[in-house]
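Coordinates as given in model-v1.cif (mmCIF, C-alpha atoms):
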```
data_input
#
loop_
_atom_site.label_atom_id
_atom_site.label_comp_id
_atom_site.auth_asym_id
_atom_site.auth_seq_id
_atom_site.Cartn_x
_atom_site.Cartn_y
_atom_site.Cartn_z
CA MET B 1 -17.74 -2.36 18.69
CA SER B 2 -19.78 0.73 17.83
CA ALA B 3 -20.97 1.37 14.28
CA GLU B 4 -18.72 4.46 14.23
CA LYS B 5 -15.62 2.42 15.01
CA ASN B 6 -16.67 -0.51 12.86
CA GLN B 7 -16.66 1.51 9.63
CA MET B 8 -13.04 2.40 10.31
CA TYR B 9 -10.54 3.29 7.63
CA PHE B 10 -12.13 1.46 4.69
CA ALA B 11 -15.31 3.56 4.80
CA THR B 12 -15.77 5.92 1.88
CA ASP B 13 -16.92 8.86 4.00
CA PRO B 14 -16.06 8.32 7.68
CA MET B 15 -18.47 10.03 10.07
CA THR B 16 -16.12 9.79 13.07
CA ALA B 17 -15.52 13.13 14.83
CA HIS B 18 -12.30 14.79 13.67
CA ASP B 19 -9.23 14.34 15.88
CA GLU B 20 -6.18 15.55 14.00
CA HIS B 21 -2.57 14.78 14.92
CA VAL B 22 0.78 15.62 13.34
CA ILE B 23 3.41 12.91 12.95
CA ASP B 24 7.07 13.34 12.06
CA TYR B 25 8.62 10.27 10.44
CA HIS B 26 12.25 9.76 9.45
CA VAL B 27 13.82 7.14 7.15
CA ASP B 28 17.50 7.52 6.28
CA ASN B 29 17.88 11.14 5.15
CA VAL B 30 14.20 11.71 4.44
CA ASP B 31 12.01 13.46 7.01
CA LEU B 32 8.29 13.83 6.33
CA LYS B 33 5.47 15.37 8.33
CA PHE B 34 1.97 13.88 8.23
CA THR B 35 -1.33 15.24 9.48
CA THR B 36 -3.65 12.38 10.46
CA ASP B 37 -7.23 12.23 11.69
CA ALA B 38 -9.82 9.92 13.18
CA GLY B 39 -11.43 7.65 10.60
CA VAL B 40 -8.15 6.82 8.85
CA PHE B 41 -5.77 3.94 9.43
CA SER B 42 -3.21 4.35 12.24
CA LYS B 43 -3.96 7.95 13.15
CA MET B 44 -1.52 8.17 16.08
CA ARG B 45 1.63 6.96 14.33
CA VAL B 46 2.89 5.57 11.06
CA ASP B 47 1.84 1.93 11.32
CA TYR B 48 4.77 -0.36 12.12
CA GLY B 49 4.08 -2.50 9.07
CA SER B 50 4.01 0.54 6.81
CA GLY B 51 7.36 1.54 8.28
CA VAL B 52 8.81 -1.89 7.53
CA LEU B 53 7.59 -1.61 3.93
CA ILE B 54 8.96 1.93 3.54
CA LYS B 55 12.39 0.84 4.75
CA ALA B 56 12.40 -2.29 2.57
CA MET B 57 11.12 -0.67 -0.62
CA LYS B 58 13.86 1.96 -0.86
CA ASP B 59 16.30 -0.67 -2.13
CA ALA B 60 13.89 -2.11 -4.72
CA THR B 61 14.92 -2.35 -8.36
CA PHE B 62 12.00 -2.28 -10.78
CA PRO B 63 11.14 -1.18 -14.33
CA GLN B 64 10.98 2.59 -14.62
CA GLU B 65 7.25 2.66 -15.34
CA ASN B 66 6.05 4.62 -12.29
CA ILE B 67 4.57 3.49 -8.99
CA LEU B 68 1.15 2.74 -7.48
CA ASP B 69 0.28 2.77 -3.76
CA VAL B 70 -2.99 0.88 -3.14
CA GLY B 71 -4.80 1.80 0.08
CA THR B 72 -2.73 4.90 0.66
CA GLY B 73 -4.63 6.31 3.66
CA TYR B 74 -3.05 9.63 4.63
CA GLY B 75 -0.13 8.78 2.37
CA PRO B 76 3.04 7.65 4.18
CA ILE B 77 4.00 4.82 1.81
CA GLY B 78 3.25 6.70 -1.41
CA LEU B 79 4.82 9.96 -0.27
CA PHE B 80 8.04 8.25 0.81
CA ALA B 81 8.09 6.48 -2.56
CA ALA B 82 7.76 9.87 -4.24
CA LYS B 83 10.75 11.15 -2.26
CA PHE B 84 12.86 8.04 -2.90
CA TRP B 85 12.15 8.18 -6.66
CA PRO B 86 11.61 11.86 -7.57
CA ASP B 87 11.85 11.05 -11.29
CA GLN B 88 8.85 8.71 -11.03
CA THR B 89 5.15 9.54 -10.78
CA VAL B 90 3.45 7.88 -7.83
CA ASP B 91 -0.28 7.24 -8.04
CA MET B 92 -1.93 6.91 -4.62
CA VAL B 93 -5.44 5.45 -4.34
CA ASP B 94 -7.94 4.71 -1.60
CA VAL B 95 -11.71 4.67 -1.02
CA ASN B 96 -11.49 6.79 2.13
CA GLU B 97 -12.17 10.40 1.15
CA ARG B 98 -10.88 11.75 4.46
CA GLY B 99 -7.63 9.87 3.97
CA LEU B 100 -7.29 11.12 0.40
CA LYS B 101 -7.81 14.71 1.51
CA LEU B 102 -5.09 14.29 4.14
CA ALA B 103 -2.75 12.64 1.62
CA LYS B 104 -3.12 15.63 -0.71
CA GLN B 105 -2.52 18.01 2.20
CA ASN B 106 0.54 16.02 3.29
CA ALA B 107 1.95 16.08 -0.23
CA GLN B 108 1.69 19.88 -0.25
CA VAL B 109 3.19 20.29 3.23
CA ASN B 110 6.17 18.13 2.25
CA HIS B 111 6.58 19.89 -1.13
CA ILE B 112 5.98 16.67 -3.07
CA SER B 113 4.55 17.22 -6.54
CA ASN B 114 5.26 13.95 -8.40
CA VAL B 115 2.05 12.31 -7.15
CA ASN B 116 -1.51 11.72 -8.34
CA ILE B 117 -3.91 11.11 -5.46
CA TYR B 118 -7.41 9.92 -6.27
CA SER B 119 -10.31 7.69 -5.27
CA SER B 120 -10.40 4.09 -6.46
CA ASP B 121 -11.96 0.94 -5.02
CA CYS B 122 -8.94 -1.33 -5.42
CA TYR B 123 -8.12 -0.96 -9.15
CA ALA B 124 -11.55 0.18 -10.38
CA GLN B 125 -10.31 3.63 -11.48
CA VAL B 126 -6.72 2.61 -12.26
CA ASP B 127 -6.16 2.64 -16.02
CA LYS B 128 -2.42 2.20 -16.53
CA LYS B 129 0.44 -0.13 -15.69
CA TYR B 130 3.33 0.27 -13.28
CA GLY B 131 6.82 -0.95 -12.57
CA LEU B 132 6.12 -1.11 -8.83
CA ILE B 133 2.92 -1.60 -6.85
CA LEU B 134 3.00 -1.15 -3.08
CA THR B 135 0.33 -2.04 -0.55
CA ASN B 136 -0.35 -2.35 3.14
CA PRO B 137 -3.73 -3.98 2.44
CA PRO B 138 -6.79 -3.23 4.61
CA ILE B 139 -6.98 -6.55 6.47
CA ARG B 140 -10.17 -5.60 8.29
CA ALA B 141 -11.95 -5.00 5.01
CA GLY B 142 -11.89 -8.78 4.55
CA LYS B 143 -10.17 -11.50 2.56
CA LYS B 144 -12.02 -10.73 -0.66
CA VAL B 145 -10.66 -7.18 -0.76
CA VAL B 146 -7.14 -8.24 0.19
CA SER B 147 -7.19 -10.98 -2.46
CA GLU B 148 -8.40 -8.50 -5.07
CA ILE B 149 -5.53 -6.14 -4.27
CA ILE B 150 -2.91 -8.91 -4.39
CA ALA B 151 -4.10 -10.80 -7.47
CA GLY B 152 -5.50 -7.75 -9.27
CA ALA B 153 -2.08 -6.11 -9.29
CA SER B 154 -1.14 -8.53 -12.07
CA ASP B 155 -3.31 -6.61 -14.54
CA HIS B 156 -1.53 -3.35 -13.66
CA LEU B 157 2.12 -4.42 -13.66
CA VAL B 158 4.38 -4.27 -16.68
CA ASP B 159 6.43 -7.33 -17.52
CA GLN B 160 9.05 -7.68 -14.74
CA GLY B 161 7.04 -5.26 -12.61
CA MET B 162 7.19 -5.79 -8.84
CA LEU B 163 4.49 -6.13 -6.18
CA LEU B 164 5.46 -5.50 -2.56
CA VAL B 165 2.96 -6.40 0.18
CA VAL B 166 3.30 -5.97 3.93
CA ILE B 167 1.23 -8.32 6.07
CA GLN B 168 1.43 -9.86 9.53
CA LYS B 169 1.80 -13.61 9.85
CA LYS B 170 -1.16 -13.79 12.24
CA GLN B 171 -3.33 -11.80 9.81
CA GLY B 172 -2.86 -14.08 6.85
CA GLU B 173 0.72 -13.97 5.58
CA PRO B 174 0.85 -17.70 4.69
CA SER B 175 -2.37 -17.43 2.65
CA ALA B 176 -1.23 -14.21 0.99
CA ARG B 177 2.07 -15.83 0.05
CA LYS B 178 0.19 -18.82 -1.39
CA LEU B 179 -1.99 -16.52 -3.51
CA MET B 180 0.99 -14.51 -4.73
CA THR B 181 2.81 -17.69 -5.72
CA ALA B 182 -0.26 -18.96 -7.58
CA THR B 183 -0.80 -15.63 -9.34
CA TYR B 184 2.76 -14.68 -10.27
CA GLY B 185 4.60 -18.00 -10.18
CA ASN B 186 6.93 -16.62 -7.53
CA CYS B 187 6.90 -15.04 -4.06
CA GLU B 188 9.90 -14.08 -1.96
CA ILE B 189 9.95 -13.10 1.70
CA LEU B 190 11.98 -9.91 1.45
CA THR B 191 11.95 -8.93 5.13
CA ARG B 192 10.62 -10.15 8.48
CA ASP B 193 10.29 -7.71 11.37
CA LYS B 194 8.28 -8.28 14.57
CA GLY B 195 5.71 -10.48 12.86
CA TYR B 196 5.43 -8.31 9.75
CA TYR B 197 6.45 -9.82 6.43
CA ILE B 198 7.35 -8.01 3.23
CA LEU B 199 6.31 -10.27 0.36
CA LYS B 200 7.68 -9.68 -3.13
CA SER B 201 6.38 -11.03 -6.42
CA VAL B 202 7.61 -10.18 -9.91
CA LYS B 203 5.27 -10.36 -12.88
CA ARG B 204 6.60 -12.48 -15.69
CA ASP B 205 4.05 -12.48 -18.48
CA ASN B 206 4.60 -16.15 -19.30
CA LYS B 207 4.12 -17.14 -15.64
CA CYS B 208 0.87 -15.39 -14.75
CA CYS B 209 -1.74 -17.54 -16.46
CA LEU B 210 -2.93 -18.96 -13.11
CA ALA B 211 -4.17 -15.52 -12.08
CA LEU B 212 -7.39 -15.97 -14.03
CA ILE B 213 -8.14 -19.20 -12.19
CA LYS B 214 -6.96 -18.39 -8.67
CA ARG B 215 -7.74 -14.69 -8.34
CA ASN B 216 -9.98 -15.06 -5.29
CA THR B 217 -8.55 -18.16 -3.64
CA TRP B 218 -6.98 -16.61 -0.54
CA ASN B 219 -8.17 -19.00 2.17
#
```
Go ahead and render the structure in this file as structure tokens.
Amino acid sequence: MSAEKNQMYFATDPMTAHDEHVIDYHVDNVDLKFTTDAGVFSKMRVDYGSGVLIKAMKDATFPQENILDVGTGYGPIGLFAAKFWPDQTVDMVDVNERGLKLAKQNAQVNHISNVNIYSSDCYAQVDKKYGLILTNPPIRAGKKVVSEIIAGASDHLVDQGMLLVVIQKKQGEPSARKLMTATYGNCEILTRDKGYYILKSVKRDNKCCLALIKRNTWN
């Protein structure tokens, strides 16, 4: 694999030549339009796993303490969340500056204003807590990053806050489920669809003490 391809979507400043596309995506009565580009995740279509998460999350019940999308890319998960819950503020974070620029552009095109879109390496720049955290984690960035996103969410969820993760079985779902169970004391398989799993954990403050011990034990 070339160095250009290898940096992929988790690079901070992708050097890949631009190759923009426009995607229309429809869930229930919500239609959104996304501009994508080379150097971001799933530039040709909304990733199937992201679609499974978007469809599953719309029925979620969580504390009304706003929403965080970790690894937002060009924004499909976070922007659909903003449409599903217009009374909530959705924070959307990523390290990929090209993706963040597209996410901001896509928010404007779709007339979505209840979002904050900014750069953060996992939770490094996140300074508040949420009722719902959503992620399609960057598997190719490695287990350490994925583990940090999963376990680190505990520090940014309110009591009874919910974490929803989409992950393929062949890309580590059993290990991710083990880590979520160790961290939160619970993990439910919310949905299965063509090898993609939606995993749900709920933070209960008296059940999360294992997080400090097992934060990076996804193996």
**OP:** Give as a VMD selection string every residue, naming chains and numbers as the document does, that has an atom within 6 Å of (-1.0, 12.1, -6.1), counting only C-alpha atoms.
**Re:** chain B and resid 91 to 92 115 to 117
Subject >> Selection near B:Ile67, 7 Å with all atoms listed in the file, sequence-local residues under 4 positions removed, as a VMD selection string >> reply: chain B and resid 89 to 91 130 to 133
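Checking B:Asp193, B:Asp47, B:Glu188, B:Asp127 one by one against B:Tyr25, counting all atoms listed in the file, you find the shortest gap at B:Asp47.
Atom CA of B:Leu100 lies 18.6 Å from atom CA of B:Asp24.
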**OP:** Rounded to one decimal place, report the atom CA of B:Gln108-atom CA of B:Val126 distance in Å.
**Re:**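 Spanning atom CA of B:Gln108 to atom CA of B:Val126 is a straight-line distance of 22.7 Å.
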**OP:** Starting from the point (5.6, -16.9, -5.0), work out which residues of protein, DNA or RNA have an atom no more than 10 Å away when counting all atoms listed in the file; state them as a list in words.
**Re:**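 Nearby residues: Ala176, Arg177, Lys178, Leu179, Met180, Thr181, Ala182, Thr183, Tyr184, Gly185, Asn186, Cys187, Glu188, Ile189, Leu199, Lys200, Ser201 and Val202 of chain B.
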Original post:
In Å to one decimal, how far is atom CA of B:Pro138 from atom CA of B:Glu97?
Top reply: 15.1 Å
**OP:** Choose the residue, out of B:Pro76, B:Gly195, B:Gly51, B:Pro86, that has the smallest atom-to-atom separation from B:Pro174; count only C-alpha atoms.
**Re:** B:Gly195
Original post:
Any chance you could work out the residue set of the PyMOL selection byres ((chain B and resi 102) around 12) here, as a ChimeraX atom specification?
Top reply: /B:18,20-22,33-41,43,72-76,79,92,94,96-101,103-109,117-118
Can I get the residues of stretch 10-116 of chain B within 12 Å of stretch 147-150 of chain B, each with the closest pair of atoms and their distance in Å to one decimal, using all atoms listed in the file, sorted chain first then ascending number, as a Markdown table?
```
| residue | atom | partner | partner_atom | distance |
| --- | --- | --- | --- | --- |
| B:Leu68 | CA | B:Ile149 | CA | 11.6 |
| B:Asp69 | CA | B:Ile149 | CA | 10.6 |
| B:Val70 | CA | B:Ile149 | CA | 7.6 |
| B:Gly71 | CA | B:Ile149 | CA | 9.1 |
| B:Val93 | CA | B:Ile149 | CA | 11.6 |
| B:Asp94 | CA | B:Ile149 | CA | 11.4 |
```
Keeping only C-alpha atoms, write the selected residues to a file as a PDB file, keeping the file's coordinate frame.
```
ATOM      1  CA  LEU B  68       1.150   2.740  -7.480  1.00  0.00           C
ATOM      2  CA  ASP B  69       0.280   2.770  -3.760  1.00  0.00           C
ATOM      3  CA  VAL B  70      -2.990   0.880  -3.140  1.00  0.00           C
ATOM      4  CA  GLY B  71      -4.800   1.800   0.080  1.00  0.00           C
ATOM      5  CA  VAL B  93      -5.440   5.450  -4.340  1.00  0.00           C
ATOM      6  CA  ASP B  94      -7.940   4.710  -1.600  1.00  0.00           C
TER       7      ASP B  94
END
```
Original post:
Quick one: of B:Lys170, B:Lys194, B:His156, B:Lys143, who's nearest to B:Lys129, counting all atoms listed in the file?
Top reply: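 Of the candidates, the smallest distance to B:Lys129 is held by B:His156.
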Original post:
So which one's closest to B:Val166, B:Arg45, B:Ala141, B:Leu190, B:Asn136? Using all atoms listed in the file, please.
Top reply: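 Among the listed residues, B:Asn136 lies closest to B:Val166.
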Test item: axis-aligned box, all listed atoms of stretch 17-31 of chain B, 4 Å on each side, centre and edges in Å rounded to one decimal, as JSON:
```
{"center_x": 1.2, "center_y": 11.4, "center_z": 10.2, "size_x": 41.4, "size_y": 16.5, "size_z": 19.4}
```
Subject >> Explicit residues for the PyMOL selection byres ((chain B and resi 203) around 8) (as number ranges by chain) >> reply: B: 154, 157-163, 184, 201-202, 204-205, 207-208
